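K.L.:
One file is attached below, input-v7.cif, containing mmCIF, C-alpha atoms.
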data_entry
loop_
_atom_site.label_atom_id
_atom_site.label_comp_id
_atom_site.auth_asym_id
_atom_site.auth_seq_id
_atom_site.Cartn_x
_atom_site.Cartn_y
_atom_site.Cartn_z
CA MET J 25 0.00 0.00 0.00
CA ASN J 26 1.35 3.43 -0.90
CA ARG J 27 1.49 5.76 2.07
CA PRO J 28 1.20 9.53 1.88
CA GLU J 29 4.39 11.43 2.57
CA GLY J 30 5.21 11.54 6.27
CA LEU J 31 3.49 8.31 7.30
CA HIS J 32 5.68 6.14 9.44
CA PRO J 33 6.56 2.89 7.61
CA GLN J 34 6.58 0.69 10.75
CA PHE J 35 2.81 0.87 11.24
CA GLY J 36 1.00 -2.23 10.07
CA ASN J 37 -2.33 -2.58 8.32
CA ASP J 38 -4.35 -2.41 11.55
CA LEU J 39 -3.13 1.16 12.01
CA THR J 40 -3.63 2.34 8.44
CA GLY J 41 -7.10 2.52 6.93
CA THR J 42 -9.36 4.63 4.77
CA ILE J 43 -11.91 7.40 5.17
CA ILE J 44 -15.17 5.83 4.01
CA ALA J 45 -17.39 8.88 4.50
CA VAL J 46 -17.19 12.54 5.43
CA ASN J 47 -20.50 13.62 7.00
CA ILE J 48 -21.97 17.05 7.76
CA SER J 49 -25.30 18.60 8.69
CA VAL J 50 -26.66 22.03 9.45
CA GLY J 51 -27.73 20.64 12.82
CA GLY J 52 -28.75 17.30 14.23
CA VAL J 53 -28.64 13.84 12.74
CA PRO J 54 -28.29 12.18 10.42
CA LYS J 55 -25.17 13.78 9.07
CA LYS J 56 -25.14 13.50 5.28
CA PRO J 57 -22.20 12.39 3.11
CA SER J 58 -20.06 15.01 1.42
CA THR J 59 -17.41 14.57 -1.26
CA VAL J 60 -15.03 16.97 0.48
CA ALA J 61 -14.73 18.82 3.78
CA LEU J 62 -12.46 21.53 5.05
CA VAL J 63 -11.38 20.59 8.58
CA THR J 64 -10.75 23.66 10.76
CA ARG J 65 -9.84 24.00 14.43
CA LEU J 66 -13.57 24.11 15.25
CA GLY J 67 -14.65 21.22 13.03
CA LEU J 68 -15.82 20.61 9.49
CA LYS J 69 -16.82 23.71 7.57
CA GLY J 70 -20.58 23.64 6.99
CA ASP J 71 -21.26 21.31 9.92
CA SER J 72 -23.37 22.63 12.79
CA HIS J 73 -24.88 21.36 16.04
CA ASN J 74 -28.27 21.91 17.59
CA ASP J 75 -26.79 21.48 21.08
CA ILE J 76 -23.57 23.49 21.37
CA LYS J 77 -23.33 22.80 25.11
CA HIS J 78 -22.53 19.12 24.46
CA HIS J 79 -21.25 19.15 20.86
CA GLY J 80 -18.65 21.10 18.93
CA GLY J 81 -15.90 23.40 20.14
CA SER J 82 -12.18 22.84 19.96
CA GLU J 83 -12.17 19.70 22.17
CA ARG J 84 -15.07 18.12 20.26
CA ALA J 85 -14.28 19.51 16.82
CA VAL J 86 -14.53 16.23 14.90
CA CYS J 87 -16.49 13.07 15.73
CA VAL J 88 -14.99 9.87 14.28
CA TYR J 89 -16.45 6.35 14.14
CA SER J 90 -15.59 2.95 12.74
CA LEU J 91 -17.42 1.34 9.82
CA GLU J 92 -16.61 -2.07 11.30
CA ARG J 93 -18.45 -1.10 14.51
CA ILE J 94 -21.40 0.21 12.49
CA ARG J 95 -21.59 -3.08 10.55
CA ALA J 96 -21.38 -5.14 13.75
CA LEU J 97 -24.21 -3.09 15.26
CA GLN J 98 -26.27 -3.68 12.10
CA LEU J 99 -25.70 -7.43 12.53
CA GLU J 100 -27.19 -7.08 16.03
CA GLY J 101 -30.28 -5.64 14.34
CA HIS J 102 -29.71 -1.94 15.01
CA PRO J 103 -30.84 0.39 12.18
CA ILE J 104 -27.61 2.44 12.45
CA ASN J 105 -25.92 3.60 9.28
CA ILE J 106 -23.10 5.90 8.24
CA GLY J 107 -23.77 9.37 9.68
CA THR J 108 -26.83 8.41 11.72
CA ALA J 109 -24.84 8.34 14.97
CA GLY J 110 -23.61 11.87 14.24
CA GLU J 111 -20.06 11.08 13.24
CA ASN J 112 -18.25 13.48 10.91
CA VAL J 113 -15.73 10.96 9.67
CA THR J 114 -16.39 7.24 9.16
CA VAL J 115 -13.20 5.17 8.88
CA GLU J 116 -12.48 1.58 7.91
CA GLY J 117 -9.55 -0.79 8.26
CA ILE J 118 -8.03 0.35 11.54
CA ASP J 119 -7.94 -1.35 14.92
CA TRP J 120 -10.68 0.69 16.63
CA ASP J 121 -9.47 -0.42 20.05
CA ARG J 122 -6.35 1.70 19.47
CA VAL J 123 -8.42 4.83 18.82
CA ALA J 124 -8.58 6.20 22.35
CA PRO J 125 -7.87 9.51 24.09
CA GLY J 126 -4.31 10.57 23.34
CA ALA J 127 -4.12 8.74 20.00
CA THR J 128 -3.32 10.75 16.89
CA LEU J 129 -5.15 10.32 13.59
CA ARG J 130 -3.73 11.56 10.31
CA LEU J 131 -6.42 12.00 7.67
CA GLY J 132 -5.31 12.43 4.08
CA ASP J 133 -2.22 14.49 3.37
CA ARG J 134 -2.57 17.31 5.88
CA VAL J 135 -5.19 16.87 8.59
CA VAL J 136 -4.00 15.72 12.00
CA LEU J 137 -6.40 15.04 14.88
CA GLU J 138 -5.77 14.11 18.48
CA VAL J 139 -8.44 12.00 20.16
CA ALA J 140 -9.64 14.10 23.10
CA SER J 141 -12.37 11.85 24.53
CA PHE J 142 -14.88 9.11 24.01
CA THR J 143 -18.29 10.54 23.17
CA ASN J 144 -21.27 10.30 25.44
CA PRO J 145 -24.20 9.12 23.29
CA CYS J 146 -27.40 11.10 23.60
CA LYS J 147 -31.06 10.63 22.77
CA THR J 148 -30.72 12.39 19.41
CA ILE J 149 -29.24 9.18 17.96
CA LYS J 150 -31.83 6.81 19.47
CA ALA J 151 -33.38 6.09 16.04
CA SER J 152 -30.16 4.24 15.19
CA PHE J 153 -30.75 1.62 17.88
CA ILE J 154 -33.24 -1.12 18.67
CA ASP J 155 -35.80 0.23 21.15
CA GLY J 156 -33.91 3.54 21.15
CA LYS J 157 -31.12 2.02 23.30
CA PHE J 158 -28.44 4.51 22.27
CA THR J 159 -26.34 3.56 25.31
CA ARG J 160 -25.25 0.53 23.26
CA ILE J 161 -22.29 2.69 22.21
CA ALA J 162 -21.54 4.20 25.65
CA GLN J 163 -17.88 3.60 26.51
CA SER J 164 -18.73 3.14 30.20
CA LEU J 165 -21.16 0.30 29.43
CA HIS J 166 -19.61 -1.21 26.28
CA PRO J 167 -15.89 -0.42 26.11
CA GLY J 168 -14.56 -0.20 22.57
CA TRP J 169 -17.91 0.68 20.97
CA SER J 170 -17.88 4.44 21.47
CA ARG J 171 -17.35 7.11 18.87
CA VAL J 172 -14.54 9.56 19.66
CA TYR J 173 -14.20 13.32 19.72
CA ALA J 174 -10.98 14.84 18.45
CA ARG J 175 -9.26 18.20 18.50
CA VAL J 176 -7.68 19.46 15.28
CA LEU J 177 -3.89 19.82 15.35
CA ALA J 178 -3.47 20.51 11.61
CA GLU J 179 -6.20 21.79 9.29
CA GLY J 180 -6.90 20.85 5.67
CA GLU J 181 -9.25 19.10 3.28
CA ILE J 182 -10.36 15.50 3.53
CA HIS J 183 -12.23 13.28 1.09
CA PRO J 184 -13.74 9.79 1.12
CA GLY J 185 -10.99 7.43 0.00
CA ASP J 186 -8.21 9.33 1.77
CA PRO J 187 -5.90 7.26 3.97
CA VAL J 188 -6.13 7.27 7.77
CA GLN J 189 -3.16 6.56 9.99
CA VAL J 190 -3.45 5.87 13.72
CA ILE J 191 -0.60 6.61 16.09
CA PRO J 192 -1.74 5.00 19.36
CA ALA J 193 -1.58 6.89 22.64
CA LEU J 194 1.49 6.21 24.75
CA SER J 195 0.58 3.93 27.63
#
Would you encode the structure as structure tokens?
P.N.:
Amino acid sequence: MNRPEGLHPQFGNDLTGTIIAVNISVGGVPKKPSTVALVTRLGLKGDSHNDIKHHGGSERAVCVYSLERIRALQLEGHPINIGTAGENVTVEGIDWDRVAPGATLRLGDRVVLEVASFTNPCKTIKASFIDGKFTRIAQSLHPGWSRVYARVLAEGEIHPGDPVQVIPALS
């Protein structure tokens, strides 16, 4: 696999994946796919939140989630899909268990994110879950199933198909 300039060659396939979708909305969910997004310190340009107390800002600028987790939830019968849980970036091909606070994500050629926290799911995404049980992706109840919030360390454009590199947090 060809790696963009600057990617460390020692990382294996479980740390290098692909952006499957870039998702934005003018508020609320679902977030809809976009062919390109400008990632700024405060999030994706054109993306807004209905609840700015709990979403957005520099520490919650970008929400990222795993396509493999979405597919596994679908196999459990949940009607979740890309963007319906409010993620801005859907990724595939990385070891999601390594995407934790302190980890760094490089998206495409220029964008660098640092995972700031696991997200706390809220009732706005309940339509994505059987019986509205949105806590199915709460880190405190189901470790490894949460989406993550990230701060932006380097801005730039991202597109579906761009590579993703994970640099795990130091233990």
K.L.:
Expand the PyMOL selection byres ((chain J and resi 117) around 10) into the individual residues it matches in the shown file, reporting them as a PyMOL selection string.
P.N.:
chain J and resi 37-44+90-92+115-116+118-120+187-189
K.L.:
Hey, what's within 9 Å of Ser170 (chain J) if we count all atoms listed in the file and toss same-chain stuff fewer than 6 positions away? As a list in words, please?
P.N.:
Tyr89, Arg93, Phe142, Thr143, Asn144, Pro145, Arg160, Ile161, Ala162, Gln163 and Ser164 of chain J
K.L.:
I need the residue nearest Ile182 (chain J) from this list: J:Arg95, J:Lys69, J:Arg84, J:Arg122. Use only C-alpha atoms for the distance.
P.N.:
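Nearest to Ile182 (chain J): J:Lys69.
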K.L.:
Return as AutoDock Vina command-line options the centre and edge lengths, in Å with one decimal, of the box along x, y and z that encloses every atom of region 84-101 of chain J in the file, padded by 3 Å per side.
P.N.:
--center_x -22.3 --center_y 6.0 --center_z 15.0 --size_x 22.0 --size_y 32.9 --size_z 16.4
K.L.:
Quick one: pull the distance between CA of Thr128 (chain J) and CA of Thr64 (chain J), Å, one decimal.
P.N.:
16.1 Å
K.L.:
So, counting only C-alpha atoms, which residue among J:Ala109, J:Val135, J:Ala151, J:Val50 is closest to Ala178 (chain J)?
P.N.:
J:Val135
K.L.:
At what distance in Å, to one decimal, does CA of Ser49 (chain J) lie from CA of Val176 (chain J)?
P.N.:
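Calculated distance between CA of Val176 (chain J) and CA of Ser49 (chain J) is 18.8 Å.
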K.L.:
Rank J:Asp155, J:Glu100, J:Glu83, J:Glu111 by their smallest atom-to-atom distance to Arg175 (chain J), using all atoms listed in the file, and report the top residue only.
P.N.:
J:Glu83
K.L.:
Running the PyMOL selection byres ((chain J and resi 123) around 9) on this model by hand, what would come out? Give it as a ChimeraX atom specification.
P.N.:
/J:118-122,124-129,139,168,172,190-193
K.L.:
Smallest atom-to-atom distance to Ser58 (chain J): which of J:Ile154, J:Ala140, J:Ile106, J:Ala174, using all atoms listed in the file?
P.N.:
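Selected residue with least distance to Ser58 (chain J): J:Ile106.
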K.L.:
Output as a compact mmCIF listing (two decimals), in the frame of the given file: region 151-176 of chain J, completed with N, CA, C and O atoms.
P.N.:
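Contents of selection-v6.txt, freshly written:
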# COMPACT_ATOMS: atom_id res chain seq x y z
N ALA J 151 -32.78 6.76 17.20
CA ALA J 151 -33.38 6.09 16.04
C ALA J 151 -32.43 5.09 15.39
O ALA J 151 -32.85 4.23 14.62
N SER J 152 -31.15 5.16 15.74
CA SER J 152 -30.16 4.24 15.19
C SER J 152 -30.06 2.92 15.96
O SER J 152 -29.23 2.07 15.62
N PHE J 153 -30.88 2.78 17.01
CA PHE J 153 -30.75 1.62 17.88
C PHE J 153 -32.09 0.96 18.17
O PHE J 153 -33.12 1.63 18.29
N ILE J 154 -32.06 -0.36 18.31
CA ILE J 154 -33.24 -1.12 18.67
C ILE J 154 -33.81 -0.54 19.97
O ILE J 154 -33.06 -0.31 20.93
N ASP J 155 -35.11 -0.31 19.97
CA ASP J 155 -35.80 0.23 21.15
C ASP J 155 -35.20 1.54 21.65
O ASP J 155 -35.34 1.87 22.83
N GLY J 156 -34.49 2.26 20.76
CA GLY J 156 -33.91 3.54 21.15
C GLY J 156 -32.76 3.44 22.13
O GLY J 156 -32.37 4.44 22.75
N LYS J 157 -32.18 2.25 22.30
CA LYS J 157 -31.12 2.02 23.30
C LYS J 157 -29.77 2.54 22.81
O LYS J 157 -28.85 1.78 22.52
N PHE J 158 -29.65 3.86 22.76
CA PHE J 158 -28.44 4.51 22.27
C PHE J 158 -27.23 4.28 23.18
O PHE J 158 -26.09 4.46 22.77
N THR J 159 -27.47 3.83 24.42
CA THR J 159 -26.34 3.56 25.31
C THR J 159 -25.55 2.33 24.87
O THR J 159 -24.52 2.02 25.48
N ARG J 160 -26.00 1.67 23.81
CA ARG J 160 -25.25 0.53 23.26
C ARG J 160 -23.83 0.95 22.87
O ARG J 160 -22.92 0.13 22.84
N ILE J 161 -23.63 2.24 22.59
CA ILE J 161 -22.29 2.69 22.21
C ILE J 161 -21.67 3.60 23.29
O ILE J 161 -20.77 4.39 23.01
N ALA J 162 -22.14 3.46 24.53
CA ALA J 162 -21.54 4.20 25.65
C ALA J 162 -20.26 3.49 26.08
O ALA J 162 -20.29 2.29 26.39
N GLN J 163 -19.17 4.19 26.12
CA GLN J 163 -17.88 3.60 26.51
C GLN J 163 -17.94 3.00 27.91
O GLN J 163 -17.37 1.95 28.16
N SER J 164 -18.66 3.63 28.82
CA SER J 164 -18.73 3.14 30.20
C SER J 164 -19.46 1.81 30.31
O SER J 164 -19.18 1.01 31.21
N LEU J 165 -20.39 1.55 29.40
CA LEU J 165 -21.16 0.30 29.43
C LEU J 165 -20.63 -0.76 28.47
O LEU J 165 -20.73 -1.96 28.74
N HIS J 166 -20.10 -0.31 27.33
CA HIS J 166 -19.61 -1.21 26.28
C HIS J 166 -18.27 -0.70 25.77
O HIS J 166 -18.20 -0.11 24.69
N PRO J 167 -17.20 -0.92 26.54
CA PRO J 167 -15.89 -0.42 26.11
C PRO J 167 -15.52 -0.87 24.71
O PRO J 167 -15.73 -2.02 24.32
N GLY J 168 -14.99 0.08 23.94
CA GLY J 168 -14.56 -0.20 22.57
C GLY J 168 -15.61 0.08 21.52
O GLY J 168 -15.34 -0.01 20.33
N TRP J 169 -16.82 0.45 21.93
CA TRP J 169 -17.91 0.68 20.97
C TRP J 169 -18.24 2.15 20.79
O TRP J 169 -19.07 2.52 19.96
N SER J 170 -17.59 3.01 21.52
CA SER J 170 -17.88 4.44 21.47
C SER J 170 -17.30 5.12 20.23
O SER J 170 -16.27 4.70 19.71
N ARG J 171 -17.95 6.18 19.82
CA ARG J 171 -17.35 7.11 18.87
C ARG J 171 -16.32 7.91 19.65
O ARG J 171 -16.28 7.84 20.88
N VAL J 172 -15.50 8.70 18.97
CA VAL J 172 -14.54 9.56 19.66
C VAL J 172 -14.66 10.99 19.16
O VAL J 172 -15.04 11.23 18.02
N TYR J 173 -14.34 11.91 20.07
CA TYR J 173 -14.20 13.32 19.72
C TYR J 173 -12.71 13.63 19.61
O TYR J 173 -11.91 13.12 20.40
N ALA J 174 -12.38 14.48 18.65
CA ALA J 174 -10.98 14.84 18.45
C ALA J 174 -10.81 16.34 18.28
O ALA J 174 -11.70 17.02 17.76
N ARG J 175 -9.67 16.81 18.75
CA ARG J 175 -9.26 18.20 18.50
C ARG J 175 -8.42 18.21 17.23
O ARG J 175 -7.79 17.21 16.88
N VAL J 176 -8.39 19.33 16.55
CA VAL J 176 -7.68 19.46 15.28
C VAL J 176 -6.30 20.07 15.55
O VAL J 176 -6.21 21.19 16.05
